[in-house]
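Visitor: Quick one, structure.cif (mmCIF, C-alpha atoms and all ligand atoms):
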data_structure
#
loop_
_atom_site.label_atom_id
_atom_site.label_comp_id
_atom_site.auth_asym_id
_atom_site.auth_seq_id
_atom_site.Cartn_x
_atom_site.Cartn_y
_atom_site.Cartn_z
CA MET O 1 135.34 106.88 -191.90
CA LYS O 2 138.76 106.18 -193.37
CA ILE O 3 140.02 102.71 -194.29
CA ILE O 4 143.79 102.22 -194.30
CA GLU O 5 145.34 99.05 -195.68
CA THR O 6 149.10 99.52 -195.45
CA VAL O 7 151.51 99.97 -192.54
CA PRO O 8 153.34 103.01 -194.00
CA GLU O 9 150.05 104.83 -194.69
CA MET O 10 148.82 104.09 -191.16
CA GLN O 11 152.10 105.40 -189.71
CA ARG O 12 151.99 108.59 -191.80
CA PHE O 13 148.37 109.19 -190.79
CA SER O 14 149.14 108.73 -187.08
CA ASP O 15 152.29 110.89 -187.28
CA ALA O 16 150.18 113.74 -188.69
CA LEU O 17 147.57 113.32 -185.94
CA ARG O 18 150.25 113.33 -183.24
CA ALA O 19 151.90 116.40 -184.79
CA GLY O 20 148.51 118.12 -184.58
CA GLY O 21 148.26 117.26 -180.85
CA LYS O 22 145.48 114.68 -181.29
CA ARG O 23 145.06 111.80 -178.83
CA ILE O 24 144.77 108.45 -180.62
CA GLY O 25 142.72 105.65 -179.03
CA PHE O 26 143.09 102.16 -180.48
CA VAL O 27 141.02 98.96 -180.34
CA PRO O 28 142.71 95.94 -181.96
CA THR O 29 140.24 93.31 -183.20
CA MET O 30 139.90 90.30 -185.47
CA GLY O 31 136.52 91.56 -186.71
CA TYR O 32 133.08 89.90 -186.76
CA PHE O 33 131.83 92.40 -184.24
CA HIS O 34 129.36 91.94 -181.41
CA GLU O 35 128.29 94.32 -178.65
CA GLY O 36 131.44 93.46 -176.67
CA HIS O 37 133.66 94.92 -179.41
CA LEU O 38 131.41 97.97 -179.69
CA SER O 39 131.65 98.56 -175.93
CA LEU O 40 135.48 98.71 -176.26
CA MET O 41 135.14 101.16 -179.15
CA ARG O 42 132.81 103.33 -177.05
CA ILE O 43 135.41 103.41 -174.26
CA ALA O 44 137.98 104.58 -176.81
CA ARG O 45 135.53 107.14 -178.24
CA GLU O 46 135.04 108.73 -174.81
CA ARG O 47 138.77 109.20 -174.22
CA ALA O 48 140.27 109.91 -177.64
CA ASP O 49 140.23 112.62 -180.29
CA VAL O 50 140.63 109.98 -182.98
CA VAL O 51 139.56 106.33 -182.67
CA VAL O 52 141.43 103.76 -184.76
CA ILE O 53 140.44 100.10 -184.79
CA SER O 54 142.20 97.29 -186.57
CA ILE O 55 140.55 94.32 -188.22
CA PHE O 56 143.13 91.61 -188.81
CA VAL O 57 142.65 87.86 -188.37
CA ASN O 58 146.16 87.16 -187.16
CA PRO O 59 147.46 83.81 -188.45
CA THR O 60 150.35 83.57 -185.95
CA GLN O 61 148.02 83.24 -182.95
CA PHE O 62 146.20 80.17 -184.35
CA GLY O 63 147.62 76.67 -183.89
CA PRO O 64 147.62 74.23 -186.84
CA ASP O 65 144.38 72.55 -185.66
CA GLU O 66 142.55 75.78 -184.80
CA ASP O 67 139.87 77.71 -186.69
CA LEU O 68 141.95 80.22 -188.72
CA GLU O 69 140.30 79.29 -192.04
CA ASP O 70 136.78 79.16 -190.58
CA TYR O 71 137.10 82.23 -188.34
CA PRO O 72 133.97 84.31 -189.10
CA ARG O 73 134.58 87.39 -191.27
CA ASP O 74 132.24 90.10 -192.60
CA PHE O 75 134.04 93.34 -193.37
CA GLU O 76 131.00 95.28 -194.65
CA ARG O 77 128.95 94.50 -191.55
CA ASP O 78 131.92 95.38 -189.30
CA ARG O 79 132.44 98.67 -191.16
CA GLU O 80 128.83 99.71 -190.57
CA MET O 81 128.90 98.71 -186.89
CA ALA O 82 132.18 100.56 -186.29
CA GLU O 83 130.78 103.65 -188.00
CA SER O 84 127.68 103.52 -185.77
CA VAL O 85 129.82 104.02 -182.63
CA GLY O 86 131.95 106.82 -184.09
CA VAL O 87 135.14 105.01 -185.14
CA ASP O 88 137.28 107.28 -187.35
CA VAL O 89 139.71 104.83 -188.95
CA ILE O 90 139.74 101.11 -189.70
CA PHE O 91 143.24 99.73 -190.17
CA ASN O 92 142.69 96.62 -192.27
CA PRO O 93 146.08 95.27 -193.38
CA SER O 94 146.65 92.12 -195.45
CA VAL O 95 148.67 89.21 -194.08
CA ASP O 96 151.54 90.25 -196.40
CA GLN O 97 151.54 93.75 -194.93
CA MET O 98 151.88 92.42 -191.40
CA TYR O 99 154.13 89.46 -192.14
CA PRO O 100 156.27 90.28 -195.18
CA ASP O 101 158.30 87.65 -196.98
CA ARG O 102 160.96 85.99 -194.75
CA TYR O 103 159.31 87.35 -191.59
CA GLN O 104 161.19 86.10 -188.51
CA THR O 105 160.67 88.33 -185.46
CA TYR O 106 158.43 87.19 -182.59
CA VAL O 107 157.73 88.56 -179.12
CA THR O 108 157.31 86.17 -176.19
CA VAL O 109 155.99 87.21 -172.79
CA GLN O 110 157.35 84.23 -170.95
CA GLU O 111 155.75 83.72 -167.54
CA VAL O 112 152.28 85.20 -168.13
CA SER O 113 151.81 83.10 -171.31
CA LYS O 114 152.80 79.83 -169.69
CA ASP O 115 149.75 78.50 -167.84
CA LEU O 116 145.91 78.78 -168.10
CA CYS O 117 145.28 78.85 -171.89
CA GLY O 118 149.03 78.43 -172.62
CA PRO O 119 149.26 74.61 -172.62
CA SER O 120 146.21 74.16 -174.92
CA ARG O 121 147.24 77.00 -177.25
CA PRO O 122 151.06 76.83 -177.32
CA VAL O 123 151.64 79.51 -180.02
CA HIS O 124 148.70 81.74 -179.15
CA PHE O 125 150.18 84.35 -176.83
CA ARG O 126 153.40 84.62 -178.81
CA GLY O 127 151.20 85.44 -181.83
CA VAL O 128 149.12 87.94 -179.83
CA ALA O 129 152.19 89.68 -178.34
CA THR O 130 153.84 89.82 -181.76
CA VAL O 131 150.86 91.19 -183.66
CA CYS O 132 150.01 93.73 -180.94
CA THR O 133 153.61 94.98 -180.94
CA LYS O 134 153.37 95.36 -184.72
CA LEU O 135 149.94 97.02 -184.55
CA PHE O 136 151.21 99.47 -181.91
CA CYS O 137 154.18 100.32 -184.21
CA ALA O 138 151.76 100.95 -187.09
CA VAL O 139 148.99 102.84 -185.25
CA LYS O 140 151.15 104.66 -182.64
CA PRO O 141 148.23 105.04 -180.21
CA HIS O 142 148.28 106.95 -176.92
CA PHE O 143 146.17 104.19 -175.42
CA ALA O 144 144.72 100.82 -176.46
CA VAL O 145 141.60 99.12 -175.11
CA PHE O 146 141.54 95.36 -174.42
CA GLY O 147 138.57 93.35 -173.10
CA GLU O 148 138.73 91.69 -169.69
CA LYS O 149 137.00 88.64 -171.16
CA ASP O 150 140.39 87.62 -172.62
CA TYR O 151 141.92 88.05 -169.19
CA GLN O 152 145.25 86.33 -169.78
CA GLN O 153 145.68 88.21 -173.07
CA LEU O 154 145.13 91.50 -171.19
CA GLN O 155 147.85 90.53 -168.67
CA VAL O 156 150.21 89.48 -171.48
CA ILE O 157 149.75 92.91 -173.06
CA ASN O 158 150.18 94.74 -169.73
CA ARG O 159 153.46 92.88 -169.17
CA LEU O 160 154.60 93.44 -172.78
CA VAL O 161 154.06 97.20 -172.54
CA LEU O 162 155.80 97.37 -169.16
CA ASP O 163 158.77 95.20 -170.13
CA LEU O 164 159.45 96.91 -173.45
CA GLY O 165 158.79 100.39 -172.04
CA MET O 166 156.18 101.11 -174.70
CA ASP O 167 154.79 104.63 -174.53
CA LEU O 168 151.10 103.79 -174.35
CA GLU O 169 148.43 103.11 -171.76
CA ILE O 170 146.45 99.86 -171.69
CA VAL O 171 142.80 100.43 -170.78
CA PRO O 172 140.76 97.37 -169.69
CA GLY O 173 137.15 97.05 -170.90
CA PRO O 174 134.60 95.07 -168.84
CA THR O 175 133.25 91.78 -170.23
CA PHE O 176 130.02 92.28 -172.16
CA ARG O 177 127.43 89.54 -171.63
CA GLU O 178 124.30 88.17 -173.30
CA PRO O 179 121.13 88.67 -171.20
CA ASP O 180 121.53 85.15 -169.70
CA GLY O 181 125.15 85.86 -168.69
CA LEU O 182 127.14 84.16 -171.48
CA ALA O 183 130.22 86.28 -172.27
CA MET O 184 130.02 87.65 -175.81
CA SER O 185 132.51 86.09 -178.22
CA SER O 186 132.78 85.88 -182.00
CA ARG O 187 133.04 82.10 -181.53
CA ASN O 188 129.53 81.88 -179.96
CA VAL O 189 128.19 81.64 -183.55
CA TYR O 190 129.67 78.13 -183.77
CA LEU O 191 127.40 76.80 -180.99
CA SER O 192 124.44 74.52 -181.79
CA PRO O 193 121.22 75.29 -179.85
CA ALA O 194 122.03 72.52 -177.33
CA GLU O 195 125.63 73.73 -176.92
CA ARG O 196 124.39 77.30 -176.51
CA LYS O 197 122.28 76.14 -173.53
CA SER O 198 125.24 74.38 -171.93
CA ALA O 199 127.49 77.41 -172.59
CA LEU O 200 125.73 79.00 -169.66
CA SER O 201 127.71 76.59 -167.43
CA LEU O 202 130.71 78.95 -167.58
CA ARG O 203 128.80 81.87 -166.05
CA LYS O 204 127.09 79.58 -163.53
CA ALA O 205 130.50 78.19 -162.47
CA LEU O 206 131.78 81.70 -161.83
CA GLU O 207 128.64 82.52 -159.82
CA GLU O 208 129.12 79.37 -157.73
CA ALA O 209 132.76 80.33 -157.08
CA ARG O 210 131.66 83.84 -156.08
CA ARG O 211 129.02 82.37 -153.72
CA LEU O 212 131.63 80.15 -152.05
CA PHE O 213 134.14 83.01 -151.77
CA ASP O 214 131.54 85.42 -150.36
CA SER O 215 130.51 82.85 -147.76
CA GLY O 216 134.10 82.76 -146.49
CA GLU O 217 135.63 79.90 -148.51
CA GLN O 218 139.31 80.67 -149.16
CA SER O 219 140.58 77.28 -150.27
CA VAL O 220 141.63 77.38 -153.92
CA GLU O 221 140.87 73.67 -154.28
CA ALA O 222 137.32 74.04 -152.86
CA ILE O 223 136.56 76.97 -155.17
CA VAL O 224 137.94 75.11 -158.21
CA GLU O 225 135.94 72.00 -157.26
CA GLY O 226 132.72 74.02 -156.81
CA ALA O 227 133.14 75.69 -160.21
CA SER O 228 134.09 72.40 -161.95
CA ARG O 229 131.12 70.57 -160.43
CA THR O 230 128.78 73.24 -161.76
CA ILE O 231 130.21 72.92 -165.28
CA ARG O 232 129.89 69.13 -165.23
CA GLU O 233 126.16 69.45 -164.41
CA TYR O 234 125.58 70.74 -167.96
CA GLU O 235 125.31 68.28 -170.84
CA GLY O 236 128.14 68.06 -173.35
CA THR O 237 130.67 70.19 -171.45
CA ARG O 238 134.35 69.17 -171.45
CA ILE O 239 136.60 71.11 -169.10
CA ASP O 240 139.95 72.22 -170.50
CA TYR O 241 140.92 73.87 -167.22
CA VAL O 242 139.46 75.56 -164.14
CA LYS O 243 142.19 77.36 -162.16
CA VAL O 244 142.69 80.10 -159.63
CA ALA O 245 145.75 82.14 -160.56
CA ASP O 246 147.60 85.25 -159.47
CA ALA O 247 145.80 88.19 -161.06
CA ALA O 248 148.90 89.72 -162.68
CA SER O 249 151.24 86.80 -163.44
CA CYS O 250 148.48 84.28 -164.26
CA ILE O 251 150.49 81.61 -162.39
CA PRO O 252 148.08 79.13 -160.70
CA LEU O 253 147.77 79.17 -156.92
CA SER O 254 147.15 76.37 -154.43
CA GLY O 255 146.15 76.37 -150.76
CA GLU O 256 144.62 79.58 -149.45
CA ILE O 257 143.63 82.46 -151.72
CA GLU O 258 146.16 85.29 -151.40
CA GLY O 259 146.00 88.84 -152.70
CA ASP O 260 144.22 89.55 -155.97
CA CYS O 261 143.54 86.46 -158.00
CA VAL O 262 141.48 85.32 -160.95
CA LEU O 263 139.32 82.26 -161.43
CA ALA O 264 139.84 81.41 -165.10
CA LEU O 265 138.16 78.64 -167.03
CA ALA O 266 138.07 77.16 -170.50
CA VAL O 267 135.38 74.69 -171.52
CA TYR O 268 134.80 72.80 -174.78
CA LEU O 269 131.29 72.47 -176.18
CA GLY O 270 131.71 70.16 -179.13
CA LYS O 271 134.63 71.70 -181.03
CA THR O 272 134.10 75.20 -179.65
CA ARG O 273 136.32 76.30 -176.78
CA LEU O 274 134.88 79.08 -174.60
CA ILE O 275 136.65 81.03 -171.85
CA ASP O 276 135.51 83.21 -168.99
CA ASN O 277 136.92 84.57 -165.74
CA MET O 278 136.21 86.41 -162.51
CA VAL O 279 138.62 88.42 -160.39
CA PHE O 280 138.62 87.95 -156.60
CA ARG O 281 140.02 90.63 -154.35
CA LEU O 282 140.63 89.99 -150.66
CA PRO O 283 139.68 93.00 -148.55
CA GLU O 284 142.74 95.00 -147.40
CA SER O 285 143.75 93.95 -143.87
CA ASP O 286 144.12 96.72 -141.24
CA GLU O 287 147.51 95.50 -140.00
O1 LIG O 301 141.44 89.67 -178.90
C1 LIG O 301 141.62 89.65 -180.13
O2 LIG O 301 140.70 89.85 -180.92
C2 LIG O 301 143.00 89.36 -180.70
O3 LIG O 301 143.68 88.43 -179.92
C3 LIG O 301 143.84 90.64 -180.92
C4 LIG O 301 144.13 91.36 -179.61
C5 LIG O 301 143.14 91.56 -181.88
C6 LIG O 301 145.20 90.27 -181.53
O4 LIG O 301 145.05 89.64 -182.76
#
Take the structure in the file and give it back as structure tokens.
Guide:
Amino acid sequence: MKIIETVPEMQRFSDALRAGGKRIGFVPTMGYFHEGHLSLMRIARERADVVVISIFVNPTQFGPDEDLEDYPRDFERDREMAESVGVDVIFNPSVDQMYPDRYQTYVTVQEVSKDLCGPSRPVHFRGVATVCTKLFCAVKPHFAVFGEKDYQQLQVINRLVLDLGMDLEIVPGPTFREPDGLAMSSRNVYLSPAERKSALSLRKALEEARRLFDSGEQSVEAIVEGASRTIREYEGTRIDYVKVADAASCIPLSGEIEGDCVLALAVYLGKTRLIDNMVFRLPESDE
């Protein structure tokens, strides 16, 4: 497996692959892998001739009070895990490579970034859109895989690629869960044993929303209330938001559920903020 640390070397490597007719699949990550990351790499492995992943803890997507300094890192462990699923290249740039002196160019995906996680993490999606644009320029992939667990991020990237006419496909990867249903996240390591128990509230809230929806409930407010009530039943949970939003624009809905939508939630357990989501599709009407 090859490790590349600079943008020009990554670009030269990808240019040569493209010239040789190879299909490049890309999985951007911030490292500290779990099975969820590996599942995205396996999706890339199945569809690509060459799989490139990036490991880069991107400073521009963390707010001043967020966990940039403490974000878990273990390059050697990540390297071994990536190798075990057949990754060919790890692109592992330094902060200076990605953000050279006097850096001043940012990409904002306006509407999709605005609500859900947007208010609590005001710089987050601008940082994600910017770093992904830069990673795509460095890696030049034919497709990139993004997890559905970070649902709003996936929609930000879909919109970014569409709006800027980028020549790559975005492939969604299903959320990977622990046996009890908790969505896998690098931040789960921060949870104390008691918080880990209450973290299950997110999955249970989604299940309650699904139960209501499947039994014919179509009121956004009733579904949000059912999910919120479930979360509050668990000790130590603090809801950041529980919202039903349009599945593509991520703009919250009210009244009756219409078209494809997503129930998205963010919950604090102590200092750790966890997110999860579930997509609801109304059956096509015959008319
Ligand atoms: O989902 C992540 O790990 C990050 O937000 C990403 C897409 C690698 C950008 O830094």
Visitor: Let me have all residues with an atom within 6 Å of ligand LIG 301 (chain O), counting all atoms listed in the file, laid out as a list in words.
Guide: Pro28, Thr29, Met30, Asn58, Val128 and Cys132 of chain O
Visitor: For Leu265 (chain O), which residue among O:Glu35, O:Asp214, O:Glu178, O:Asp115 is the nearest when counting all atoms listed in the file?
Guide: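 Of the candidates, the smallest distance to Leu265 (chain O) is held by O:Asp115.
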Visitor: Give me the residues within 6 Å of Pro172 (chain O) as a PyMOL selection string, counting all atoms listed in the file and dropping any in the same chain fewer than 2 places off.
Guide: chain O and resi 145-147
Visitor: Can you tell me, as a PyMOL selection string, what residues are no more than 9 Å from Ser254 (chain O) when counting all atoms listed in the file, ignoring any on the same chain fewer than 6 positions away?
Guide: chain O and resi 219-221+244-245
Visitor: Write the residues of the preceding selection, restricted to C-alpha atoms, as a short mmCIF file (atom, residue, chain, number, x, y, z; two decimals), keeping the file's coordinate frame.
Guide:
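What landed in part.cif:
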data_model
loop_
_atom_site.label_atom_id
_atom_site.label_comp_id
_atom_site.auth_asym_id
_atom_site.auth_seq_id
_atom_site.Cartn_x
_atom_site.Cartn_y
_atom_site.Cartn_z
CA SER O 219 140.58 77.28 -150.27
CA VAL O 220 141.63 77.38 -153.92
CA GLU O 221 140.87 73.67 -154.28
CA VAL O 244 142.69 80.10 -159.63
CA ALA O 245 145.75 82.14 -160.56
#
Visitor: Just how far from CA of Ile170 (chain O) is CA of Arg45 (chain O), in Å to one decimal?
Guide: 14.7 Å
Visitor: List the spatial neighbours of Arg18 (chain O) as a list in words - criterion: any atom at most 12 Å away, all atoms listed in the file, same-chain residues fewer than 3 positions off excluded.
Guide: Gln11, Arg12, Phe13, Ser14, Asp15, Gly21, Lys22, Arg23, Ile24, Gly25, Ala48, Asp49, Val50, Val139, Lys140, Pro141 and His142 of chain O
Visitor: What is the distance, in Å and to one decimal place, between CA of Leu206 (chain O) and CA of Met278 (chain O)?
Guide: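 According to the coordinates, CA of Leu206 (chain O) and CA of Met278 (chain O) are separated by 6.5 Å.
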Visitor: Which residue gives the smallest distance to Ala248 (chain O) among O:Gln218, O:Ser94, O:Gln153, O:Thr272, with only C-alpha atoms counted?
Guide: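 Answer, going by the shortest atom-to-atom distance: O:Gln153.
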Visitor: Of the candidates O:Phe280, O:Tyr151, O:Phe176, O:Tyr268, which one gets nearest to His34 (chain O) if we count all atoms listed in the file?
Guide: O:Phe176
Visitor: List the residues sitting within 9 Å of (133.9, 80.3, -153.7) in the file's frame, using only C-alpha atoms, as a list in words.
Guide: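 Collected hits near the coordinates: Leu206, Glu207, Glu208, Ala209, Arg210, Arg211, Leu212, Phe213, Asp214, Ser215, Gly216, Glu217, Gln218, Ser219, Val220, Ala222, Ile223, Val224, Gly226 and Ala227 of chain O.
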Visitor: Rank nothing, just name the residue among O:Leu200, O:Met41, O:Leu135, O:Leu274 nearest to Ser84 (chain O), using all atoms listed in the file.
Guide: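 Among the listed residues, O:Met41 lies closest to Ser84 (chain O).
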Visitor: Quick one: 4 Å padding each side, axis-aligned, all listed atoms of region 168-172 of chain O - centre and edge lengths in Å to one decimal, as AutoDock Vina command-line options?
Guide:
--center_x 145.9 --center_y 100.6 --center_z -172.0 --size_x 18.3 --size_y 14.4 --size_z 12.7
Visitor: Point out the residue among O:Tyr190, O:Tyr234, O:Phe33, O:Phe136 with the least atom-to-atom distance to Phe91 (chain O), counting only C-alpha atoms.
Guide: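 Ranking O:Tyr190, O:Tyr234, O:Phe33, O:Phe136 by distance to Phe91 (chain O), first place goes to O:Phe136.
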Visitor: May I have the residues within 10 Å of Arg126 (chain O) as a list in words, using only C-alpha atoms and disregarding those fewer than 5 positions away in the same chain?
Guide: Thr60, Gln61, Tyr106, Val107, Thr108, Val109, Gln110, Ser113, Gly118, Arg121, Val131, Cys132 and Val156 of chain O
Visitor: In Å to one decimal, how far is CA of Phe125 (chain O) from CA of Asp78 (chain O)?
Guide: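 One can read the CA of Asp78 (chain O) to CA of Phe125 (chain O) distance as 24.7 Å.
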Visitor: Just checking: using only C-alpha atoms, which residue out of O:Thr175, O:Ala144, O:Lys2, O:Ala16 ends up closest to Ser39 (chain O)?
Guide: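 Of O:Thr175, O:Ala144, O:Lys2, O:Ala16, the one nearest Ser39 (chain O), counting only C-alpha atoms, is O:Thr175.
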Visitor: I'd like the contact shell of region 97-100 of chain O - 7 Å cut-off, all atoms listed in the file, skipping same-chain residues fewer than 4 positions apart - returned as a list in words.
Guide: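 Returned residues: Thr6, Val7 and Pro93 of chain O.
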